[in-house]
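Trainee: Right, I'll just put the structure down here and ask away after.
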Amino acid sequence: MTPVKIEIADGKFLKINWDDGSEDKLALDFLRKNCPCAICTSQPAGSDEMVVRIFGESQTQVASIQVVGQYAINIVWKDGHNTGIYEFDYLKELAANTAEE
Ligand SMILES: [Zn+2]
């Protein structure tokens, strides 16, 4: 599935309109917490505990969004973090996990 339109809604959500006519809204802080990049997904060596990260405002606000090829978007956050490539499939998966209105 491919987005036909991606925009920031209310400064808090990423709104995606898919080519099948469906629409998903993903909270920006949720997206940041689920950043798929190597830095964010790595766990400290030897630790079984989940690391809980606290995010400040600049980390959960979007500076810009770039489309990457035909398969993903790159979200640049206001704190400068720009290594998160969110594949469309991954966004769909996140949306399915947060089915809420
Ligand atoms: Zn990241």
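Ordering of the structure tokens sets the chain letters (A, B, ...), residue numbers begin anew at 1 in every chain, and ligands are numbered from 1 in the order given.
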Could you list the protein, DNA and RNA residues that have any atom within 12 Å of ligand 1, counting only C-alpha atoms and all ligand atoms, and write them as a list in words?
Mentor: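 The residues near ligand 1 are Leu31, Arg32, Lys33, Asn34, Cys35, Pro36, Cys37, Ala38, Ile39, Cys40, Thr41, Ser42, Arg53, Gln59, Thr60, Asn74, Ile75, Val76, Trp77, Asp79, Gly80, His81, Asn82, Thr83, Gly84, Ile85 and Tyr86 of chain A.
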Trainee: Can you list, as an mmCIF file with C-alpha atoms, in the first residue's frame, every residue of chain A that DSSP puts in strand (DSSP E)?
Mentor:
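Saved the output as out-v8.cif:
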data_model
loop_
_atom_site.group_PDB
_atom_site.id
_atom_site.type_symbol
_atom_site.label_atom_id
_atom_site.label_comp_id
_atom_site.auth_asym_id
_atom_site.auth_seq_id
_atom_site.Cartn_x
_atom_site.Cartn_y
_atom_site.Cartn_z
ATOM 1 C CA PRO A 3 0.300 6.864 0.777
ATOM 2 C CA VAL A 4 -1.289 9.393 -1.520
ATOM 3 C CA LYS A 5 -1.004 12.149 1.060
ATOM 4 C CA ILE A 6 0.980 12.589 4.268
ATOM 5 C CA GLU A 7 0.553 15.590 6.512
ATOM 6 C CA ILE A 8 0.937 16.778 10.087
ATOM 7 C CA ALA A 9 -2.438 17.227 11.782
ATOM 8 C CA PHE A 13 -0.330 13.562 14.500
ATOM 9 C CA LEU A 14 0.977 12.224 11.256
ATOM 10 C CA LYS A 15 -2.037 11.789 9.032
ATOM 11 C CA ILE A 16 -1.666 9.347 6.175
ATOM 12 C CA ASN A 17 -4.112 8.842 3.358
ATOM 13 C CA TRP A 18 -3.485 5.518 1.654
ATOM 14 C CA GLU A 23 -6.713 6.996 6.570
ATOM 15 C CA ASP A 24 -4.442 6.569 9.574
ATOM 16 C CA LYS A 25 -3.448 9.002 12.282
ATOM 17 C CA LEU A 26 -0.301 8.277 14.242
ATOM 18 C CA ALA A 27 0.728 10.329 17.271
ATOM 19 C CA VAL A 62 8.632 17.121 13.147
ATOM 20 C CA ALA A 63 10.996 19.458 11.312
ATOM 21 C CA SER A 64 10.478 17.867 7.901
ATOM 22 C CA ILE A 65 9.437 14.718 6.117
ATOM 23 C CA GLN A 66 11.140 13.379 3.003
ATOM 24 C CA VAL A 67 9.878 10.602 0.824
ATOM 25 C CA VAL A 68 12.476 7.870 0.378
ATOM 26 C CA ALA A 72 9.360 4.879 2.982
ATOM 27 C CA ILE A 73 9.499 8.315 4.555
ATOM 28 C CA ASN A 74 12.366 9.845 6.472
ATOM 29 C CA ILE A 75 11.169 11.899 9.424
ATOM 30 C CA VAL A 76 13.485 14.678 10.584
ATOM 31 C CA TRP A 77 12.753 15.679 14.180
ATOM 32 C CA GLY A 84 14.625 7.142 11.124
ATOM 33 C CA ILE A 85 13.398 5.637 7.867
ATOM 34 C CA TYR A 86 9.765 4.608 8.299
ATOM 35 C CA GLU A 87 8.761 2.116 5.652
#
